[in-house]
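The data block below is final_37.txt; it holds compact mmCIF, C-alpha atoms.
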# COMPACT_ATOMS: atom_id res chain seq x y z
CA MET A 41 86.88 105.00 188.63
CA SER A 42 83.88 107.23 187.94
CA LEU A 43 80.30 106.06 188.55
CA LYS A 44 79.72 106.25 184.80
CA ASP A 45 82.54 103.79 184.12
CA LEU A 46 80.74 101.27 186.37
CA ILE A 47 77.63 101.18 184.15
CA ARG A 48 77.61 98.33 181.63
CA ASP A 49 76.15 98.59 178.12
CA VAL A 50 74.11 95.49 177.24
CA PRO A 51 73.21 95.52 173.52
CA ASN A 52 69.80 94.30 172.32
CA PHE A 53 68.07 94.24 175.74
CA PRO A 54 65.17 94.16 176.32
CA LYS A 55 64.78 94.10 172.53
CA GLN A 56 66.81 94.27 169.33
CA GLY A 57 68.46 97.64 168.73
CA ILE A 58 68.25 98.90 172.35
CA ILE A 59 71.44 99.39 174.34
CA PHE A 60 70.49 98.78 177.98
CA LYS A 61 72.31 100.65 180.74
CA ASP A 62 73.00 97.97 183.34
CA ILE A 63 73.43 99.31 186.89
CA THR A 64 74.25 95.93 188.49
CA THR A 65 77.96 96.40 187.73
CA LEU A 66 77.90 99.60 189.80
CA LEU A 67 75.83 98.09 192.63
CA LYS A 68 78.14 95.10 193.08
CA SER A 69 81.15 97.40 193.46
CA PRO A 70 81.58 98.40 197.12
CA GLU A 71 83.00 101.79 196.06
CA GLY A 72 80.35 102.28 193.40
CA LEU A 73 77.52 101.65 195.85
CA LYS A 74 79.08 103.77 198.58
CA ASN A 75 79.94 106.69 196.31
CA ALA A 76 76.53 106.74 194.62
CA LEU A 77 74.78 106.82 197.99
CA ASN A 78 77.07 109.49 199.37
CA GLU A 79 76.42 111.66 196.31
CA LEU A 80 72.65 111.19 196.72
CA LEU A 81 72.94 112.07 200.41
CA GLU A 82 74.94 115.22 199.58
CA LEU A 83 72.17 116.34 197.19
CA ALA A 84 69.34 115.58 199.59
CA LYS A 85 70.55 116.65 203.01
CA ASP A 86 69.50 120.01 204.48
CA LYS A 87 66.24 120.01 202.51
CA GLY A 88 64.01 118.93 205.37
CA ILE A 89 63.03 115.72 203.59
CA THR A 90 60.65 113.59 205.67
CA LYS A 91 60.16 110.59 203.35
CA VAL A 92 61.94 108.79 200.52
CA VAL A 93 59.70 107.17 197.91
CA GLY A 94 61.28 104.55 195.63
CA ILE A 95 59.78 103.15 192.43
CA GLU A 96 59.60 99.38 191.85
CA SER A 97 61.88 97.68 191.63
CA ARG A 98 65.34 99.05 190.91
CA GLY A 99 64.39 102.26 192.71
CA PHE A 100 64.12 100.24 195.93
CA ILE A 101 67.84 99.41 196.07
CA LEU A 102 69.26 102.90 196.58
CA GLY A 103 65.94 104.35 197.80
CA GLY A 104 65.84 102.25 200.97
CA ALA A 105 69.47 103.00 201.76
CA LEU A 106 69.01 106.71 201.14
CA ALA A 107 66.00 106.84 203.48
CA ASP A 108 68.11 105.25 206.20
CA LYS A 109 70.98 107.68 205.63
CA LEU A 110 68.57 110.63 205.85
CA GLY A 111 66.97 109.18 208.99
CA VAL A 112 63.50 109.09 207.43
CA GLY A 113 61.01 106.39 206.40
CA PHE A 114 60.84 104.63 203.03
CA VAL A 115 57.72 104.23 200.88
CA PRO A 116 57.43 101.93 197.83
CA ILE A 117 55.48 102.79 194.69
CA ARG A 118 54.57 99.53 192.98
CA LYS A 119 52.96 97.96 189.93
CA PRO A 120 49.20 97.30 190.23
CA GLY A 121 48.09 94.59 192.66
CA LYS A 122 51.35 94.37 194.62
CA LEU A 123 50.55 96.61 197.59
CA PRO A 124 48.26 94.86 200.07
CA ALA A 125 46.36 97.71 201.75
CA GLU A 126 44.23 100.51 200.31
CA THR A 127 45.93 102.28 197.39
CA ILE A 128 45.50 105.08 194.89
CA SER A 129 46.63 104.66 191.29
CA GLU A 130 47.94 106.79 188.40
CA SER A 131 48.35 105.85 184.75
CA TYR A 132 51.09 106.89 182.33
CA THR A 133 51.63 106.51 178.62
CA LEU A 134 54.04 104.00 177.13
CA GLU A 135 55.25 103.69 173.53
CA TYR A 136 52.18 101.54 172.90
CA GLY A 137 49.34 101.77 175.42
CA THR A 138 49.42 102.72 179.09
CA ASP A 139 50.59 101.33 182.41
CA SER A 140 49.90 102.30 186.00
CA ILE A 141 51.50 102.50 189.43
CA GLU A 142 50.13 102.51 192.96
CA ILE A 143 50.93 103.87 196.40
CA HIS A 144 49.35 103.06 199.76
CA LYS A 145 46.84 105.74 200.78
CA ASP A 146 48.39 106.05 204.22
CA ALA A 147 52.00 106.13 202.97
CA ILE A 148 52.26 109.91 202.79
CA GLU A 149 50.99 112.39 205.35
CA LYS A 150 49.79 115.87 204.44
CA GLY A 151 52.86 118.12 204.46
CA ASP A 152 55.42 115.35 204.01
CA LYS A 153 58.47 116.65 202.16
CA VAL A 154 59.21 113.88 199.71
CA LEU A 155 62.28 112.76 197.81
CA LEU A 156 61.35 110.50 194.88
CA HIS A 157 64.01 108.10 193.60
CA ASP A 158 64.33 105.78 190.63
CA ASP A 159 67.29 104.24 188.88
CA LEU A 160 66.71 105.68 185.40
CA LEU A 161 65.20 108.80 183.81
CA ALA A 162 64.12 107.96 180.27
CA THR A 163 60.95 109.67 178.97
CA GLY A 164 59.87 110.63 182.51
CA GLY A 165 56.34 109.25 182.30
CA THR A 166 56.64 106.95 185.29
CA MET A 167 58.16 109.61 187.52
CA GLU A 168 55.56 112.18 186.48
CA ALA A 169 52.82 109.73 187.54
CA ALA A 170 54.70 109.07 190.79
CA CYS A 171 54.72 112.81 191.55
CA ARG A 172 50.96 112.94 191.01
CA LEU A 173 50.51 110.07 193.49
CA VAL A 174 52.53 111.87 196.16
CA GLU A 175 50.74 115.17 195.57
CA LYS A 176 47.28 113.56 195.64
CA LEU A 177 48.09 112.42 199.17
CA GLY A 178 49.13 115.94 200.23
CA GLY A 179 52.90 115.45 199.98
CA GLU A 180 55.30 118.02 198.53
CA VAL A 181 57.84 116.76 195.98
CA VAL A 182 61.05 118.40 197.17
CA GLN A 183 63.57 116.53 195.04
CA ILE A 184 63.67 113.83 192.36
CA THR A 185 66.86 111.81 191.95
CA PHE A 186 68.01 109.25 189.42
CA LEU A 187 71.14 107.21 189.21
CA ILE A 188 71.13 107.55 185.39
CA GLU A 189 69.58 110.08 183.03
CA LEU A 190 69.24 109.45 179.29
CA SER A 191 69.17 113.15 178.45
CA PHE A 192 68.49 112.60 174.71
CA LEU A 193 65.00 111.33 175.67
CA ASN A 194 64.23 114.69 177.25
CA GLY A 195 62.43 113.28 180.30
CA ARG A 196 63.35 116.40 182.29
CA GLU A 197 60.81 118.36 180.23
CA LYS A 198 57.94 116.41 181.88
CA LEU A 199 59.42 117.10 185.34
CA LYS A 200 60.34 120.76 184.89
CA LYS A 201 58.24 121.87 187.88
CA TYR A 202 60.61 119.93 190.14
CA GLU A 203 64.24 119.81 191.23
CA VAL A 204 65.67 116.90 189.25
CA LYS A 205 69.17 115.53 189.86
CA SER A 206 70.97 112.65 188.17
CA LEU A 207 74.33 111.18 189.14
CA ILE A 208 75.20 109.95 185.64
CA THR A 209 74.08 111.42 182.29
CA PHE A 210 74.25 109.75 178.90
CA GLN A 211 73.80 112.21 176.03
CA ASP A 212 73.39 109.66 173.25
CA MET B 424 57.53 100.17 219.82
CA SER B 425 58.87 96.76 218.77
CA LEU B 426 59.53 95.91 215.13
CA LYS B 427 56.73 93.36 215.33
CA ASP B 428 54.21 96.03 216.32
CA LEU B 429 55.06 97.91 213.11
CA ILE B 430 53.92 95.02 210.87
CA ARG B 431 50.34 95.36 209.62
CA ASP B 432 47.98 92.43 209.10
CA VAL B 433 46.03 92.75 205.83
CA PRO B 434 43.24 90.14 205.67
CA ASN B 435 42.39 88.39 202.39
CA PHE B 436 45.50 89.42 200.46
CA PRO B 437 46.62 88.22 197.95
CA LYS B 438 43.61 85.92 198.18
CA GLN B 439 40.64 85.09 200.39
CA GLY B 440 41.60 83.56 203.74
CA ILE B 441 45.26 84.70 203.73
CA ILE B 442 46.42 87.25 206.29
CA PHE B 443 49.23 89.17 204.63
CA LYS B 444 52.06 90.55 206.76
CA ASP B 445 52.58 94.06 205.40
CA ILE B 446 56.08 95.47 205.99
CA THR B 447 55.38 98.92 204.50
CA THR B 448 54.18 100.21 207.88
CA LEU B 449 57.60 99.34 209.33
CA LEU B 450 59.54 100.78 206.38
CA LYS B 451 57.77 104.14 206.51
CA SER B 452 58.62 104.55 210.18
CA PRO B 453 62.06 106.24 210.54
CA GLU B 454 62.68 104.29 213.76
CA GLY B 455 61.41 101.04 212.28
CA LEU B 456 63.69 101.29 209.26
CA LYS B 457 66.70 102.36 211.32
CA ASN B 458 66.23 99.72 214.01
CA ALA B 459 65.67 96.89 211.53
CA LEU B 460 68.84 97.81 209.64
CA ASN B 461 70.87 98.15 212.82
CA GLU B 462 69.71 94.72 213.96
CA LEU B 463 70.64 93.21 210.59
CA LEU B 464 74.04 94.91 210.77
CA GLU B 465 74.61 93.56 214.29
CA LEU B 466 73.90 90.02 213.05
CA ALA B 467 76.08 90.31 209.95
CA LYS B 468 79.17 92.22 211.04
CA ASP B 469 82.42 90.38 211.87
CA LYS B 470 81.53 87.52 209.51
CA GLY B 471 83.80 88.61 206.67
CA ILE B 472 80.85 89.07 204.33
CA THR B 473 81.92 90.30 200.88
CA LYS B 474 78.53 90.59 199.15
CA VAL B 475 74.86 91.06 200.00
CA VAL B 476 72.39 89.38 197.65
CA GLY B 477 68.76 90.57 197.79
CA ILE B 478 65.75 88.84 196.27
CA GLU B 479 63.29 90.77 194.07
CA SER B 480 61.66 92.96 194.96
CA ARG B 481 61.04 93.56 198.67
CA GLY B 482 64.44 92.05 199.44
CA PHE B 483 66.02 94.99 197.61
CA ILE B 484 64.85 97.58 200.13
CA LEU B 485 66.83 96.47 203.17
CA GLY B 486 69.35 94.46 201.13
CA GLY B 487 70.82 97.49 199.38
CA ALA B 488 71.02 99.45 202.62
CA LEU B 489 72.64 96.54 204.44
CA ALA B 490 75.30 96.15 201.72
CA ASP B 491 76.15 99.82 202.12
CA LYS B 492 76.34 99.53 205.92
CA LEU B 493 78.67 96.53 205.60
CA GLY B 494 80.80 98.35 203.00
CA VAL B 495 80.28 95.63 200.37
CA GLY B 496 78.55 95.37 196.99
CA PHE B 497 74.91 94.49 196.36
CA VAL B 498 73.65 91.83 193.93
CA PRO B 499 70.00 91.40 192.85
CA ILE B 500 68.34 88.02 192.24
CA ARG B 501 65.40 88.60 189.90
CA LYS B 502 62.45 86.99 188.16
CA PRO B 503 63.18 85.54 184.71
CA GLY B 504 63.95 88.00 181.91
CA LYS B 505 64.67 91.00 184.13
CA LEU B 506 68.48 90.86 184.31
CA PRO B 507 70.06 92.12 181.08
CA ALA B 508 73.40 90.28 180.91
CA GLU B 509 74.24 86.56 180.99
CA THR B 510 72.42 84.73 183.80
CA ILE B 511 72.00 81.34 185.42
CA SER B 512 68.61 80.18 186.62
CA GLU B 513 67.12 77.92 189.32
CA SER B 514 63.56 76.64 189.68
CA TYR B 515 61.54 76.11 192.84
CA THR B 516 58.20 74.56 193.64
CA LEU B 517 55.09 76.59 194.41
CA GLU B 518 51.74 75.41 195.74
CA TYR B 519 50.73 74.77 192.12
CA GLY B 520 53.55 74.49 189.58
CA THR B 521 57.04 76.00 189.61
CA ASP B 522 58.70 79.37 189.28
CA SER B 523 62.30 80.41 188.74
CA ILE B 524 64.82 83.10 189.64
CA GLU B 525 68.01 84.33 188.00
CA ILE B 526 71.36 85.86 188.88
CA HIS B 527 74.01 87.42 186.65
CA LYS B 528 76.84 84.97 185.98
CA ASP B 529 79.45 87.57 186.91
CA ALA B 530 77.64 88.77 190.05
CA ILE B 531 79.49 86.44 192.43
CA GLU B 532 83.19 85.64 192.43
CA LYS B 533 84.60 82.32 193.56
CA GLY B 534 85.16 82.59 197.32
CA ASP B 535 82.72 85.42 197.89
CA LYS B 536 81.22 85.22 201.38
CA VAL B 537 77.58 85.96 200.79
CA LEU B 538 74.72 87.25 202.92
CA LEU B 539 71.34 86.49 201.34
CA HIS B 540 68.42 88.71 202.30
CA ASP B 541 64.68 88.64 201.70
CA ASP B 542 61.76 90.20 203.49
CA LEU B 543 59.84 87.03 204.36
CA LEU B 544 60.57 83.37 205.15
CA ALA B 545 57.49 81.31 204.32
CA THR B 546 58.10 77.80 202.91
CA GLY B 547 61.72 78.60 202.06
CA GLY B 548 61.60 77.47 198.43
CA THR B 549 62.72 80.75 196.91
CA MET B 550 65.61 81.17 199.33
CA GLU B 551 66.75 77.58 198.83
CA ALA B 552 66.90 78.22 195.06
CA ALA B 553 68.75 81.48 195.72
CA CYS B 554 71.38 79.59 197.76
CA ARG B 555 71.88 77.18 194.84
CA LEU B 556 72.43 80.13 192.49
CA VAL B 557 75.11 81.60 194.75
CA GLU B 558 76.82 78.25 195.25
CA LYS B 559 76.81 77.43 191.52
CA LEU B 560 78.86 80.57 191.00
CA GLY B 561 81.36 79.54 193.69
CA GLY B 562 80.07 81.73 196.50
CA GLU B 563 79.73 80.63 200.12
CA VAL B 564 76.41 81.32 201.85
CA VAL B 565 77.54 82.71 205.22
CA GLN B 566 74.22 84.03 206.51
CA ILE B 567 70.58 84.25 205.47
CA THR B 568 68.44 86.99 206.97
CA PHE B 569 64.74 87.78 206.85
CA LEU B 570 62.76 90.63 208.25
CA ILE B 571 59.85 88.26 209.01
CA GLU B 572 59.65 84.49 209.56
CA LEU B 573 56.34 82.58 209.46
CA SER B 574 57.67 79.77 211.62
CA PHE B 575 54.52 77.63 211.32
CA LEU B 576 55.37 77.07 207.63
CA ASN B 577 58.66 75.48 208.68
CA GLY B 578 60.77 77.10 205.95
CA ARG B 579 63.86 76.78 208.16
CA GLU B 580 63.85 73.04 207.52
CA LYS B 581 64.79 73.61 203.85
CA LEU B 582 67.61 75.94 204.91
CA LYS B 583 69.01 73.89 207.80
CA LYS B 584 72.53 73.77 206.29
CA TYR B 585 72.77 77.54 206.77
CA GLU B 586 72.76 80.20 209.47
CA VAL B 587 69.26 81.66 209.30
CA LYS B 588 68.23 84.76 211.26
CA SER B 589 64.90 86.57 211.34
CA LEU B 590 64.12 89.83 213.10
CA ILE B 591 60.42 89.08 213.63
CA THR B 592 58.74 85.69 214.06
CA PHE B 593 55.04 84.88 213.75
CA GLN B 594 54.16 81.50 215.21
CA ASP B 595 50.65 81.29 213.83

The structure given in the file should be rewritten as structure tokens.
Amino acid sequence: MSLKDLIRDVPNFPKQGIIFKDITTLLKSPEGLKNALNELLELAKDKGITKVVGIESRGFILGGALADKLGVGFVPIRKPGKLPAETISESYTLEYGTDSIEIHKDAIEKGDKVLLHDDLLATGGTMEAACRLVEKLGGEVVQITFLIELSFLNGREKLKKYEVKSLITFQD
Amino acid sequence: MSLKDLIRDVPNFPKQGIIFKDITTLLKSPEGLKNALNELLELAKDKGITKVVGIESRGFILGGALADKLGVGFVPIRKPGKLPAETISESYTLEYGTDSIEIHKDAIEKGDKVLLHDDLLATGGTMEAACRLVEKLGGEVVQITFLIELSFLNGREKLKKYEVKSLITFQD
């Protein structure tokens, strides 16, 4: 069974007319979880990565495991007010209004070679802000990985400076 | 360096007078992450565990990695409204008022041998509710693990029916 076959469509979530791509059906499958992580490891190894940064909260699930497999540390990027120590913040645009994300100031060292991970690439706004956070702290974004990419939303355009890899692509 | 030495005290977070135990300093250390996961694996192996359930959102970081190391699937327990498909819910008591958590109805199969993981054992209310969710779906709670236990809050008392293991204990 392919990774794509393990993703469940949930109609009308989080609102009417949206078809949500549910990753929990992949995660609960031992083969799905193992194969997804092995594919991410294949993409990331031999790049000299020194830290994996995962975005709250679904990006934590594979992000933590991938950091362990690469033998490096894991850093969370979180919603405002969740990280306890000193942070820096970046805003990004939503359909209506803006939102922001934070990282601990001491999470990245100058020269860190960073892999950024999240579960889903939609419009790319969150990941673009995450890249700015890493770069503000002196880190280099070496690779960006997603479990799923909704390619019809063209989020790659915002991230074209970077190497972007997705395990599963939905074209409509 | 011991795991405990990698935990950072952050005074007055999330409110005045609280000393927050920050796990991000452990997670960003390659040795800290690796050693914590190896200790969790040591505790969990040979128990016939068939699923790891992690509690949003810090419980996702080591929970996902531990599921992969055990060769089983991972299931998230989340705050209300976050899981897209059909869920069941359980409430628990906070200092003032109540909160609740949810799990997908099809996340656990009858007879699943479940390891529940979260980052911190404080009063135990969230984990007790999480156990009820798993048991409602026919799962057996085989082990509960925490990265940190605040033993002076006596959360173990609420979980005394279960095997509870913590990697790091703070006694005051």

Please, can I see chain A fitted onto chain B by all in-order Cα atoms (least squares), as a compact mmCIF listing (two decimals) with C-alpha atoms, keeping the file's coordinate frame?
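The resulting file, out33.txt, is shown below:
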# COMPACT_ATOMS: atom_id res chain seq x y z
CA MET A 41 57.53 100.17 219.85
CA SER A 42 58.85 96.77 218.78
CA LEU A 43 59.52 95.91 215.12
CA LYS A 44 56.72 93.36 215.32
CA ASP A 45 54.20 96.03 216.32
CA LEU A 46 55.07 97.90 213.10
CA ILE A 47 53.93 95.03 210.86
CA ARG A 48 50.35 95.37 209.61
CA ASP A 49 47.97 92.43 209.10
CA VAL A 50 46.05 92.76 205.83
CA PRO A 51 43.25 90.15 205.67
CA ASN A 52 42.39 88.40 202.40
CA PHE A 53 45.52 89.43 200.45
CA PRO A 54 46.61 88.25 197.96
CA LYS A 55 43.59 85.93 198.18
CA GLN A 56 40.63 85.11 200.40
CA GLY A 57 41.59 83.56 203.74
CA ILE A 58 45.25 84.71 203.74
CA ILE A 59 46.41 87.25 206.30
CA PHE A 60 49.24 89.18 204.64
CA LYS A 61 52.08 90.56 206.76
CA ASP A 62 52.58 94.07 205.41
CA ILE A 63 56.09 95.47 205.98
CA THR A 64 55.38 98.93 204.50
CA THR A 65 54.17 100.21 207.89
CA LEU A 66 57.59 99.35 209.34
CA LEU A 67 59.54 100.78 206.38
CA LYS A 68 57.77 104.14 206.49
CA SER A 69 58.64 104.55 210.18
CA PRO A 70 62.05 106.23 210.54
CA GLU A 71 62.70 104.28 213.77
CA GLY A 72 61.40 101.04 212.30
CA LEU A 73 63.69 101.29 209.28
CA LYS A 74 66.70 102.36 211.33
CA ASN A 75 66.24 99.72 214.02
CA ALA A 76 65.67 96.89 211.54
CA LEU A 77 68.84 97.80 209.66
CA ASN A 78 70.88 98.15 212.82
CA GLU A 79 69.72 94.72 213.98
CA LEU A 80 70.65 93.21 210.60
CA LEU A 81 74.05 94.90 210.77
CA GLU A 82 74.62 93.55 214.30
CA LEU A 83 73.92 90.00 213.05
CA ALA A 84 76.09 90.31 209.96
CA LYS A 85 79.17 92.23 211.04
CA ASP A 86 82.41 90.40 211.87
CA LYS A 87 81.55 87.53 209.52
CA GLY A 88 83.80 88.61 206.67
CA ILE A 89 80.84 89.08 204.33
CA THR A 90 81.92 90.30 200.88
CA LYS A 91 78.53 90.59 199.13
CA VAL A 92 74.86 91.07 199.98
CA VAL A 93 72.37 89.40 197.64
CA GLY A 94 68.75 90.59 197.78
CA ILE A 95 65.74 88.85 196.26
CA GLU A 96 63.28 90.77 194.07
CA SER A 97 61.67 92.94 194.99
CA ARG A 98 61.04 93.54 198.67
CA GLY A 99 64.45 92.05 199.45
CA PHE A 100 66.03 94.98 197.60
CA ILE A 101 64.85 97.59 200.13
CA LEU A 102 66.83 96.47 203.18
CA GLY A 103 69.35 94.46 201.12
CA GLY A 104 70.81 97.51 199.38
CA ALA A 105 71.03 99.45 202.63
CA LEU A 106 72.64 96.54 204.45
CA ALA A 107 75.29 96.16 201.73
CA ASP A 108 76.16 99.82 202.13
CA LYS A 109 76.36 99.54 205.92
CA LEU A 110 78.67 96.52 205.60
CA GLY A 111 80.80 98.34 203.01
CA VAL A 112 80.27 95.64 200.38
CA GLY A 113 78.54 95.39 196.99
CA PHE A 114 74.90 94.49 196.36
CA VAL A 115 73.64 91.84 193.93
CA PRO A 116 69.99 91.39 192.85
CA ILE A 117 68.35 88.03 192.23
CA ARG A 118 65.41 88.60 189.90
CA LYS A 119 62.46 86.99 188.17
CA PRO A 120 63.20 85.54 184.70
CA GLY A 121 63.96 88.00 181.90
CA LYS A 122 64.69 91.01 184.13
CA LEU A 123 68.49 90.86 184.30
CA PRO A 124 70.07 92.12 181.08
CA ALA A 125 73.40 90.27 180.90
CA GLU A 126 74.23 86.56 180.97
CA THR A 127 72.43 84.72 183.79
CA ILE A 128 72.01 81.33 185.40
CA SER A 129 68.61 80.16 186.62
CA GLU A 130 67.12 77.91 189.32
CA SER A 131 63.56 76.65 189.67
CA TYR A 132 61.54 76.11 192.84
CA THR A 133 58.20 74.54 193.62
CA LEU A 134 55.10 76.56 194.38
CA GLU A 135 51.74 75.37 195.73
CA TYR A 136 50.76 74.70 192.12
CA GLY A 137 53.57 74.45 189.57
CA THR A 138 57.04 75.98 189.62
CA ASP A 139 58.72 79.35 189.28
CA SER A 140 62.31 80.41 188.73
CA ILE A 141 64.83 83.09 189.63
CA GLU A 142 68.01 84.34 187.99
CA ILE A 143 71.35 85.87 188.89
CA HIS A 144 74.00 87.42 186.65
CA LYS A 145 76.84 84.97 185.98
CA ASP A 146 79.45 87.56 186.89
CA ALA A 147 77.66 88.75 190.05
CA ILE A 148 79.49 86.44 192.43
CA GLU A 149 83.20 85.65 192.42
CA LYS A 150 84.61 82.32 193.55
CA GLY A 151 85.14 82.59 197.31
CA ASP A 152 82.70 85.44 197.88
CA LYS A 153 81.22 85.23 201.37
CA VAL A 154 77.57 85.97 200.77
CA LEU A 155 74.73 87.25 202.91
CA LEU A 156 71.34 86.50 201.32
CA HIS A 157 68.41 88.71 202.31
CA ASP A 158 64.67 88.65 201.70
CA ASP A 159 61.75 90.21 203.50
CA LEU A 160 59.84 87.03 204.36
CA LEU A 161 60.58 83.37 205.14
CA ALA A 162 57.50 81.31 204.32
CA THR A 163 58.08 77.80 202.92
CA GLY A 164 61.72 78.62 202.05
CA GLY A 165 61.60 77.46 198.44
CA THR A 166 62.72 80.74 196.93
CA MET A 167 65.62 81.17 199.34
CA GLU A 168 66.75 77.57 198.84
CA ALA A 169 66.91 78.22 195.07
CA ALA A 170 68.76 81.49 195.73
CA CYS A 171 71.39 79.60 197.75
CA ARG A 172 71.87 77.18 194.86
CA LEU A 173 72.44 80.13 192.50
CA VAL A 174 75.12 81.61 194.75
CA GLU A 175 76.82 78.25 195.25
CA LYS A 176 76.79 77.43 191.53
CA LEU A 177 78.86 80.57 191.01
CA GLY A 178 81.38 79.54 193.68
CA GLY A 179 80.06 81.74 196.50
CA GLU A 180 79.73 80.61 200.12
CA VAL A 181 76.41 81.32 201.85
CA VAL A 182 77.53 82.71 205.20
CA GLN A 183 74.22 84.03 206.51
CA ILE A 184 70.57 84.25 205.46
CA THR A 185 68.43 87.00 206.97
CA PHE A 186 64.73 87.78 206.83
CA LEU A 187 62.75 90.63 208.25
CA ILE A 188 59.84 88.25 209.01
CA GLU A 189 59.64 84.50 209.54
CA LEU A 190 56.35 82.59 209.47
CA SER A 191 57.68 79.77 211.63
CA PHE A 192 54.50 77.63 211.33
CA LEU A 193 55.39 77.08 207.63
CA ASN A 194 58.66 75.47 208.67
CA GLY A 195 60.78 77.10 205.96
CA ARG A 196 63.87 76.78 208.17
CA GLU A 197 63.83 73.02 207.53
CA LYS A 198 64.76 73.62 203.85
CA LEU A 199 67.61 75.95 204.92
CA LYS A 200 69.01 73.91 207.81
CA LYS A 201 72.51 73.77 206.28
CA TYR A 202 72.76 77.54 206.77
CA GLU A 203 72.75 80.19 209.48
CA VAL A 204 69.25 81.66 209.29
CA LYS A 205 68.22 84.74 211.26
CA SER A 206 64.88 86.55 211.34
CA LEU A 207 64.12 89.83 213.09
CA ILE A 208 60.42 89.09 213.63
CA THR A 209 58.75 85.67 214.05
CA PHE A 210 55.06 84.89 213.76
CA GLN A 211 54.16 81.49 215.21
CA ASP A 212 50.63 81.28 213.86

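Between CA of Ala105 in chain A and CA of Ala490 in chain B lies a distance of 9.0 Å.
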
field: Near-Phe53 in chain A list (10 Å; only C-alpha atoms; drop same-chain fewer than 2 positions) as a list in words
entry: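 Residues near the query, excluding close chain neighbours: Asp49, Val50, Pro51, Lys55, Gln56, Gly57, Ile58, Ile59, Phe60, Lys61 and Asp62 of chain A; Gly504, Lys505, Leu506, Pro507 and Ala508 of chain B.
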
message: Based on only C-alpha atoms, which of the residues in chain A come within 6 Å of chain B? I want them as a list of chain:residue names.
response: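 Going by the stated atoms only, the list reads A:Leu67, A:Lys68, A:Ser69, A:Pro70, A:Ser97, A:Phe100, A:Ile101, A:Gly104, A:Ala105, A:Gly111, A:Val112, A:Gly113, A:Phe114, A:Val115.
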
For Thr166 in chain A: contacts at 7 Å, only C-alpha atoms, fewer than 3 positions along chain excluded, given as a PDB file with C-alpha atoms, in the frame of the given file:
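around-v4.pdb, written as the output of this step:
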ATOM      1  CA  TYR A 132      51.090 106.890 182.330  1.00  0.00           C
ATOM      2  CA  ALA A 169      52.820 109.730 187.540  1.00  0.00           C
ATOM      3  CA  ALA A 170      54.700 109.070 190.790  1.00  0.00           C
TER       4      ALA A 170
END

task: Measure the distance from CA of Leu570 in chain B to CA of Leu590 in chain B in Å and round it to one decimal.
output: 5.1 Å
